[in-house]
There are 2 protein chains.
Amino acid sequence: MEEQSTSHSLSLSGSLHPHKALPTFYRREMASSHPGFHFLASWAVILLLLRIFSEGGKLLVIPIDGSHWLSMRLVVEQLRHRGHEIVVVAPEINLRIGASMHYSMKTYSVSYTREFVEAEFKKLGYKSFTPQTFLEKFSKITNITTMFFDSCKRLLSNKELMKYLEESMFDGVLMDPFFPCGQIVAEHLSIPSVYLVRGLPCSLDFHATLCPNPPSYIPRFFTHYTDRMGFFQRLGNLLVSLSSTLTCSFLYSPYDHLIKEFLQQEATLLELLSHASIWLMKYDFVFEYPRPVMPNMVLIGGITCTQEKQISKEFEAIVNASGEHGIVVFSLGSMVSEIPMKKGMEIADALGSVPQTVLWRYTGEVPPNLPKNVKLVKWLPQNDLLAHPKTRAFITHGGSHGVYEGICNAVPMVLMPLFGDQMDNAKRVESRGAGLTLNILEMTSKDISDALKAVINDKKYKENIQRLSDLHLDRPIHPLDLAVHWVEFVMRHKGAPHLRPAAHDLNWIQYHSLDVFAFLLAVVLLSLFISVKCCMFCCRRCCFKKGRKSKSGKSKTH
Amino acid sequence: MEEQSTSHSLSLSGSLHPHKALPTFYRREMASSHPGFHFLASWAVILLLLRIFSEGGKLLVIPIDGSHWLSMRLVVEQLRHRGHEIVVVAPEINLRIGASMHYSMKTYSVSYTREFVEAEFKKLGYKSFTPQTFLEKFSKITNITTMFFDSCKRLLSNKELMKYLEESMFDGVLMDPFFPCGQIVAEHLSIPSVYLVRGLPCSLDFHATLCPNPPSYIPRFFTHYTDRMGFFQRLGNLLVSLSSTLTCSFLYSPYDHLIKEFLQQEATLLELLSHASIWLMKYDFVFEYPRPVMPNMVLIGGITCTQEKQISKEFEAIVNASGEHGIVVFSLGSMVSEIPMKKGMEIADALGSVPQTVLWRYTGEVPPNLPKNVKLVKWLPQNDLLAHPKTRAFITHGGSHGVYEGICNAVPMVLMPLFGDQMDNAKRVESRGAGLTLNILEMTSKDISDALKAVINDKKYKENIQRLSDLHLDRPIHPLDLAVHWVEFVMRHKGAPHLRPAAHDLNWIQYHSLDVFAFLLAVVLLSLFISVKCCMFCCRRCCFKKGRKSKSGKSKTH
């Protein structure tokens, strides 16, 4: 699957220079109405090659390793097809970001080894099957942020690489803000940045964009709440929301010093992240809960779900042999290769209880009780298998890519969330009646079997996922086209400052109009005070007069 | 200009039924990759005709008269081209909404005459040139809302028409929420609604969508503020924001009774408006100030600016005769036909001071001092003239359609705002350095002449409007395509409930988490109280013991 190009063809075209380029809309019309359009294919190739060496832009890409790279790679490949020169900057040790014909790669040394990263990834998946304390979970997060911070220091101190970047005159940077170092590089090179992201810890994405984020109906990550919360859930959500600010300042405080040292700026990481021109958010509201968004957020949820390709003969044979019952696709993601044998046997036992053929992507030790209907494979073409009409269900860990592929192909899901945002993703699918979530720690063979049978046999799951799929796919433009358009937009126009709200120029007090409310309160209190004083003065005068009158009256009567 | 079809061709295609229809993205790919695509044109016509009578949907349109209809008509025409049956419901007396081959029209009687409407429109423009008190302005607004309310009552009580609507089985309603009666009809017919709107009084659009609307950086209409406000402007903006709630409840309270009577529901108009599936907002952030938006808001600013057409020989001759100096396009909008002679003479005087030929759309009495370079016309092809390379400036009243056409064609503007949102529009253009605003009441001939010369000769205006234009036109899909897509989306899926935030199920206190904050405060206070009580108890015990000790000590020493 690595480095293979997608079959998705872009309909956008145009040069990088705004004054030379016709707007996309006009360009599209001209292309399709040209009389000899289809016969000029060979010329088009020559022209494309010419454009590559003349008008294409130069893009810096700073990704992170792991599943995040899968969606970014798609965008990078399409940008390359459209004639841009792309330079990917990555640590020398990584598992997925390899050399490619689509980009040139520049690496920098890091303090860890390949074995360490592999062992960490393995642990991440394996440990999810045993109970962990909050401290253990938190230390996993701090480990990752420390690793990223260390990488960042090494990247910034790599003089040779930094000199190359300074001299390369990039038009922009496409980056994953999970590794926030990219923005420090962007500031140093004075180039605009585009982020590709699903979500950041502690709602950092919404803080940085100043996007309203009311805790009353927008559940925070890791709470596992839906958008419909009772009083105590809203209380919990608010507390998580408040405490996340503390967590963030703890997690990201080391960067402030680095920014000062490297950029000679007194700025926080949050301020730097707020400079992003465009946030390509892997969001779609058939999956995410409806919420406010900002003008510089572009929603590209489902970007990895491209047109299905013919599956290989090997898989086709398995699918065809499944008969009327069809197949079940089972994958716990590319990052989980092994699970504890006890769990493996329970799962195997459950899979044997359904008449479907189960295609299980698994590279660990084979459970001894593996039933006949289960085929273990080292890799499977997930999207293409899900798109097959014989696929009845999808057992997934609930990674957002997998969930979108499930939605895109309308396959009901059994979700076994392991770590990160997967439990929240699973809750979202379950709350829409399109799947069932299992607790990976407590699930028994019967639970798995019951859930699988339910999503296969109970029509409501299929109906619900079909409805979500219809809504998701009924869009005016494919998310990949949209992502490519906005990266090019930022490269063409040197950013997108017209999408930056003036709120960034206000401090917290001004943003919430607290100074204005305080002024109004002061005015009201002052008016009240003056009114009361006036009244008291009048009363006193009246009483005084009355007193004098009655006194004089009294003295008269005396 | 009336009823003429646009040359804009839509790239969307597909049937109305979600299960039969392939998603737009796939459909588009298939169409362009089909080998004999261009040779099947004749068949396509036949198929289109077949589709019109088989799979097209049925759309109810409830527009309002005047300039609002111009953009809605474009959408209606495109929807008709795509095979939908369209029924427009309008009052029998109106100025712009006429019979057409694109839709069938159903009218209902109203209490006013054509002469009354014409006179009102005339007054609206004419009176803008003389100072008006706040009460006069406010009474104009109440006149309009009263007229709309009266029309609404007549529409709902028109039994024949309502029976026809009930029996027509529409798939949805496209309406202008400025005439909120459309939503009452939608509720009565139980069909989903799509709104086409630029803005509603008292931020009703943002209240109804529960879209965050912080007064600290989002200027309210009629304040003429920009998004960068000083303390006292923020104070003013907040006060306007608060008082608008009162104004709205005054303006729209009659509807609550109508809703109760007609729909047998205890609901406010705001609640009804919140049921809209999609808000097609005539918004683009090159013109509007960046702000939060909600998932069911689709931004279609610039919808009226379609591809320019060849201008007629008559206009071409005038433009060509203008020589190297080029032309100035001058129009105060389709609703203003006459201006006071004194102002007319001042304007004419100013227009004579520039070497450009001025094309002035004006139907009133000709000013006696009309210079040679000014050509009065009863109508002009505004967008096509603005698109002409010889056009140097655009004098406009600042209606949003005109401003978008100015931006679209990169023509710097002199703005003479008259009423409604025009002053705010003018401020937006001016704040971006793309034009100059004149005060219609105070402007002298010299002011007009200076402003016109500045926008023509000072390069910065042209550069700024060119930049805005480049940003505005660099979009992945034309706003008209987008509008059509979302109307069809709502018709296909019977609404868009997945875009409705859960916030609608919360009351004001819950939405702002005030109950949660109150609970937290109570807990903190209670904890404090208990802690203080405990401390006091401990202290007292200590003191008591000490006291007893010292007493006993004392007695011992005694």
# chains A, B, ... in the order shown; residues from 1 in each chain; ligands from 1
>>> residues_around(residues="Leu156 in chain A", least_positions_apart="2", cutoff="9 Å", atoms="only C-alpha atoms", output="number ranges by chain")
A: 151-154, 158-159, 161-162, 181, 184-185, 262
>>> residues_around(residues="Pro412 in chain B", least_positions_apart="2", cutoff="9 Å", atoms="only C-alpha atoms", output="VMD selection string")
chain B and resid 392 to 395 406 to 407 410 414 434 to 436 455 to 456 461 to 466
>>> write_last_selection(atoms="N, CA, C and O atoms", output="compact mmCIF listing (two decimals), in the first residue's frame")
# COMPACT_ATOMS: atom_id res chain seq x y z
N ARG B 392 -13.13 52.05 -15.28
CA ARG B 392 -12.15 52.56 -14.32
C ARG B 392 -12.70 52.67 -12.90
O ARG B 392 -11.95 52.58 -11.93
N ALA B 393 -14.00 52.92 -12.77
CA ALA B 393 -14.58 53.08 -11.43
C ALA B 393 -16.07 52.75 -11.46
O ALA B 393 -16.68 52.72 -12.54
N PHE B 394 -16.62 52.52 -10.28
CA PHE B 394 -18.03 52.14 -10.14
C PHE B 394 -18.61 53.00 -9.03
O PHE B 394 -18.16 52.94 -7.88
N ILE B 395 -19.58 53.86 -9.41
CA ILE B 395 -20.28 54.64 -8.37
C ILE B 395 -21.54 53.88 -8.03
O ILE B 395 -22.39 53.64 -8.90
N GLY B 406 -18.70 44.54 -8.16
CA GLY B 406 -17.51 45.39 -8.19
C GLY B 406 -16.26 44.61 -7.80
O GLY B 406 -15.22 44.71 -8.44
N ILE B 407 -16.40 43.78 -6.74
CA ILE B 407 -15.26 42.96 -6.28
C ILE B 407 -14.90 41.93 -7.35
O ILE B 407 -13.74 41.77 -7.72
N ALA B 410 -13.14 43.52 -10.06
CA ALA B 410 -12.00 44.33 -9.62
C ALA B 410 -12.10 45.79 -10.07
O ALA B 410 -11.16 46.34 -10.65
N VAL B 414 -16.83 54.16 -5.66
CA VAL B 414 -17.25 55.31 -4.86
C VAL B 414 -18.64 54.95 -4.36
O VAL B 414 -19.53 54.65 -5.15
N ALA B 434 -10.61 49.59 -0.81
CA ALA B 434 -11.01 49.31 -2.19
C ALA B 434 -12.02 50.33 -2.71
O ALA B 434 -12.57 50.18 -3.81
N GLY B 435 -12.27 51.38 -1.92
CA GLY B 435 -13.24 52.38 -2.35
C GLY B 435 -13.35 53.51 -1.34
O GLY B 435 -12.70 53.47 -0.28
N LEU B 436 -14.15 54.51 -1.68
CA LEU B 436 -14.36 55.64 -0.77
C LEU B 436 -15.86 55.84 -0.56
O LEU B 436 -16.64 55.72 -1.50
N VAL B 455 -10.20 57.29 -6.59
CA VAL B 455 -10.29 55.85 -6.88
C VAL B 455 -9.82 55.52 -8.30
O VAL B 455 -9.37 54.42 -8.58
N ILE B 456 -9.92 56.53 -9.20
CA ILE B 456 -9.46 56.29 -10.58
C ILE B 456 -7.93 56.43 -10.66
O ILE B 456 -7.26 55.59 -11.27
N TYR B 461 -6.18 51.89 -4.75
CA TYR B 461 -7.56 51.39 -4.78
C TYR B 461 -7.70 50.22 -5.76
O TYR B 461 -8.33 49.22 -5.47
N LYS B 462 -7.08 50.41 -6.93
CA LYS B 462 -7.14 49.34 -7.94
C LYS B 462 -6.41 48.10 -7.43
O LYS B 462 -6.89 46.97 -7.58
N GLU B 463 -5.25 48.31 -6.80
CA GLU B 463 -4.48 47.17 -6.29
C GLU B 463 -5.26 46.41 -5.22
O GLU B 463 -5.30 45.18 -5.21
N ASN B 464 -5.89 47.18 -4.33
CA ASN B 464 -6.64 46.53 -3.25
C ASN B 464 -7.85 45.75 -3.78
O ASN B 464 -8.11 44.63 -3.35
N ILE B 465 -8.59 46.38 -4.70
CA ILE B 465 -9.77 45.67 -5.22
C ILE B 465 -9.34 44.48 -6.07
O ILE B 465 -10.01 43.44 -6.10
N GLN B 466 -8.19 44.59 -6.74
CA GLN B 466 -7.67 43.46 -7.53
C GLN B 466 -7.32 42.29 -6.61
O GLN B 466 -7.63 41.14 -6.91
>>> closest_residue(among="B:Ile141, B:Leu210, B:Met169, B:Ile62", to="chain A", atoms="only C-alpha atoms")
B:Leu210
>>> closest_residue(among="A:Asn507, A:Ser203, A:Thr304, A:Gln132", to="chain B", atoms="only C-alpha atoms")
A:Asn507
>>> atom_distance(atom1="CA of Tyr362 in chain B", atom2="CA of Gly302 in chain B")
24.6 Å
>>> select_by_dssp(residues="range 203-292 of chain B", states="strand (DSSP E or B)", output="list in words")
Ile278, Trp279, Leu280 and Met281 of chain B
>>> residues_around(residues="Trp360 in chain B", least_positions_apart="2", cutoff="7 Å", atoms="only C-alpha atoms", output="mmCIF file with N, CA and C atoms, in the first residue's frame")
data_model
loop_
_atom_site.group_PDB
_atom_site.id
_atom_site.type_symbol
_atom_site.label_atom_id
_atom_site.label_comp_id
_atom_site.auth_asym_id
_atom_site.auth_seq_id
_atom_site.Cartn_x
_atom_site.Cartn_y
_atom_site.Cartn_z
ATOM 1 N N VAL B 329 -18.971 53.437 -14.357
ATOM 2 C CA VAL B 329 -20.345 52.926 -14.287
ATOM 3 C C VAL B 329 -20.992 53.506 -13.028
ATOM 4 N N PHE B 330 -22.189 54.049 -13.198
ATOM 5 C CA PHE B 330 -22.857 54.726 -12.081
ATOM 6 C C PHE B 330 -24.296 54.226 -11.976
ATOM 7 N N SER B 331 -24.600 53.586 -10.864
ATOM 8 C CA SER B 331 -25.978 53.141 -10.640
ATOM 9 C C SER B 331 -26.273 53.146 -9.157
ATOM 10 N N VAL B 358 -19.070 58.718 -18.352
ATOM 11 C CA VAL B 358 -19.839 58.137 -17.249
ATOM 12 C C VAL B 358 -21.164 57.601 -17.763
ATOM 13 N N TYR B 362 -30.225 56.176 -14.763
ATOM 14 C CA TYR B 362 -31.053 57.169 -14.072
ATOM 15 C C TYR B 362 -32.327 57.394 -14.864
ATOM 16 N N VAL B 374 -21.312 62.521 -19.715
ATOM 17 C CA VAL B 374 -22.240 61.673 -18.959
ATOM 18 C C VAL B 374 -23.384 61.208 -19.857
ATOM 19 N N LYS B 375 -23.559 59.910 -19.950
ATOM 20 C CA LYS B 375 -24.655 59.335 -20.744
ATOM 21 C C LYS B 375 -25.682 58.752 -19.781
ATOM 22 N N LEU B 376 -26.887 59.308 -19.816
ATOM 23 C CA LEU B 376 -27.953 58.758 -18.978
ATOM 24 C C LEU B 376 -28.592 57.576 -19.694
ATOM 25 N N VAL B 377 -28.773 56.461 -18.951
ATOM 26 C CA VAL B 377 -29.460 55.301 -19.542
ATOM 27 C C VAL B 377 -30.517 54.804 -18.569
#
>>> closest_residue(among="B:Leu386, B:Val523, B:Leu471, B:Ala186", to="Val411 in chain B", atoms="only C-alpha atoms")
B:Leu386
>>> residues_around(residues="Leu370 in chain A", least_positions_apart="4", cutoff="12 Å", atoms="only C-alpha atoms", output="PyMOL selection string")
chain A and resi 341+344-353+358+360+365-366+374-376
>>> write_last_selection(atoms="N, CA and C atoms", output="compact mmCIF listing (two decimals), in the first residue's frame")
# COMPACT_ATOMS: atom_id res chain seq x y z
N MET A 341 -2.53 -13.27 23.85
CA MET A 341 -3.09 -14.53 23.34
C MET A 341 -4.49 -14.82 23.91
N GLY A 344 -6.85 -12.82 22.04
CA GLY A 344 -6.86 -13.35 20.68
C GLY A 344 -7.74 -14.58 20.57
N MET A 345 -7.65 -15.45 21.57
CA MET A 345 -8.45 -16.69 21.55
C MET A 345 -9.93 -16.39 21.74
N GLU A 346 -10.21 -15.42 22.61
CA GLU A 346 -11.62 -15.04 22.82
C GLU A 346 -12.22 -14.49 21.52
N ILE A 347 -11.43 -13.63 20.86
CA ILE A 347 -11.90 -13.04 19.60
C ILE A 347 -12.10 -14.15 18.56
N ALA A 348 -11.10 -15.04 18.44
CA ALA A 348 -11.18 -16.13 17.46
C ALA A 348 -12.43 -16.98 17.71
N ASP A 349 -12.68 -17.24 18.97
CA ASP A 349 -13.85 -18.03 19.36
C ASP A 349 -15.14 -17.35 18.86
N ALA A 350 -15.21 -16.04 19.09
CA ALA A 350 -16.41 -15.29 18.69
C ALA A 350 -16.56 -15.27 17.17
N LEU A 351 -15.46 -15.11 16.46
CA LEU A 351 -15.52 -15.01 15.00
C LEU A 351 -16.05 -16.32 14.40
N GLY A 352 -15.81 -17.43 15.10
CA GLY A 352 -16.28 -18.72 14.61
C GLY A 352 -17.79 -18.88 14.71
N SER A 353 -18.43 -17.97 15.47
CA SER A 353 -19.88 -18.13 15.68
C SER A 353 -20.72 -17.52 14.57
N VAL A 358 -14.32 -14.31 7.74
CA VAL A 358 -13.72 -13.13 8.37
C VAL A 358 -12.28 -12.95 7.86
N TRP A 360 -9.07 -11.19 8.65
CA TRP A 360 -8.51 -10.53 9.84
C TRP A 360 -7.06 -10.13 9.54
N GLU A 365 1.03 -13.81 16.94
CA GLU A 365 1.00 -15.28 17.05
C GLU A 365 -0.42 -15.77 16.78
N VAL A 366 -0.55 -16.82 15.97
CA VAL A 366 -1.88 -17.31 15.57
C VAL A 366 -2.57 -18.00 16.75
N VAL A 374 -12.12 -18.02 9.44
CA VAL A 374 -11.27 -16.82 9.65
C VAL A 374 -9.96 -16.96 8.86
N LYS A 375 -9.70 -15.99 8.01
CA LYS A 375 -8.45 -15.98 7.24
C LYS A 375 -7.56 -14.86 7.78
N LEU A 376 -6.41 -15.24 8.30
CA LEU A 376 -5.46 -14.23 8.79
C LEU A 376 -4.64 -13.71 7.62
>>> closest_residue(among="B:Ile303, B:Leu238, B:Met413, B:Leu196", to="Leu480 in chain B", atoms="only C-alpha atoms")
B:Ile303
>>> select_by_dssp(residues="range 48-124 of chain A", states="alpha helix (DSSP H)", output="PyMOL selection string")
chain A and resi 48-52+68-81+114-124
>>> interface_residues(of="chain B", to="chain A", cutoff="7 Å", atoms="only C-alpha atoms", output="MDAnalysis selection string")
chainID B and resid 18 23:25 211:212 216:217 227:228 235 285:286 290:295 470 473:478 482 485 498:503 510:513 516
>>> residues_around(residues="Glu92 in chain B", least_positions_apart="2", cutoff="7 Å", atoms="only C-alpha atoms", output="list in words")
Ala90, Asn94, Thr107, Tyr108, Ser109 and Val110 of chain B
>>> write_last_selection(atoms="all heavy atoms", output="JSON list (two decimals), in the first residue's frame")
[["chain", "number", "residue", "atom", "x", "y", "z"],
["B", 90, "ALA", "N", -46.19, 34.12, -4.71],
["B", 90, "ALA", "CA", -45.89, 35.53, -4.49],
["B", 90, "ALA", "C", -47.18, 36.33, -4.40],
["B", 90, "ALA", "O", -48.22, 35.89, -4.89],
["B", 90, "ALA", "CB", -45.03, 36.05, -5.63],
["B", 94, "ASN", "N", -46.60, 42.81, -7.24],
["B", 94, "ASN", "CA", -45.16, 42.90, -7.04],
["B", 94, "ASN", "C", -44.51, 43.48, -8.27],
["B", 94, "ASN", "O", -45.10, 43.50, -9.36],
["B", 94, "ASN", "CB", -44.57, 41.55, -6.64],
["B", 94, "ASN", "CG", -44.73, 40.52, -7.70],
["B", 94, "ASN", "OD1", -44.14, 40.65, -8.76],
["B", 94, "ASN", "ND2", -45.55, 39.51, -7.44],
["B", 107, "THR", "N", -50.37, 33.18, -7.16],
["B", 107, "THR", "CA", -50.41, 34.45, -6.43],
["B", 107, "THR", "C", -51.55, 34.46, -5.42],
["B", 107, "THR", "O", -52.49, 33.67, -5.51],
["B", 107, "THR", "CB", -50.59, 35.64, -7.38],
["B", 107, "THR", "OG1", -51.78, 35.43, -8.12],
["B", 107, "THR", "CG2", -49.40, 35.78, -8.31],
["B", 108, "TYR", "N", -51.43, 35.34, -4.45],
["B", 108, "TYR", "CA", -52.50, 35.54, -3.47],
["B", 108, "TYR", "C", -52.76, 37.03, -3.36],
["B", 108, "TYR", "O", -51.86, 37.86, -3.58],
["B", 108, "TYR", "CB", -52.13, 34.93, -2.10],
["B", 108, "TYR", "CG", -50.80, 35.39, -1.56],
["B", 108, "TYR", "CD1", -50.71, 36.49, -0.70],
["B", 108, "TYR", "CD2", -49.62, 34.72, -1.90],
["B", 108, "TYR", "CE1", -49.49, 36.90, -0.19],
["B", 108, "TYR", "CE2", -48.40, 35.13, -1.41],
["B", 108, "TYR", "CZ", -48.33, 36.23, -0.56],
["B", 108, "TYR", "OH", -47.12, 36.64, -0.08],
["B", 109, "SER", "N", -53.99, 37.36, -3.05],
["B", 109, "SER", "CA", -54.37, 38.78, -3.02],
["B", 109, "SER", "C", -53.77, 39.47, -1.79],
["B", 109, "SER", "O", -53.56, 38.84, -0.76],
["B", 109, "SER", "CB", -55.89, 38.92, -3.00],
["B", 109, "SER", "OG", -56.37, 38.40, -1.79],
["B", 110, "VAL", "N", -53.49, 40.75, -1.94],
["B", 110, "VAL", "CA", -52.98, 41.55, -0.82],
["B", 110, "VAL", "C", -53.79, 42.83, -0.70],
["B", 110, "VAL", "O", -54.59, 43.16, -1.60],
["B", 110, "VAL", "CB", -51.48, 41.89, -1.01],
["B", 110, "VAL", "CG1", -50.60, 40.73, -0.59],
["B", 110, "VAL", "CG2", -51.18, 42.31, -2.42]]
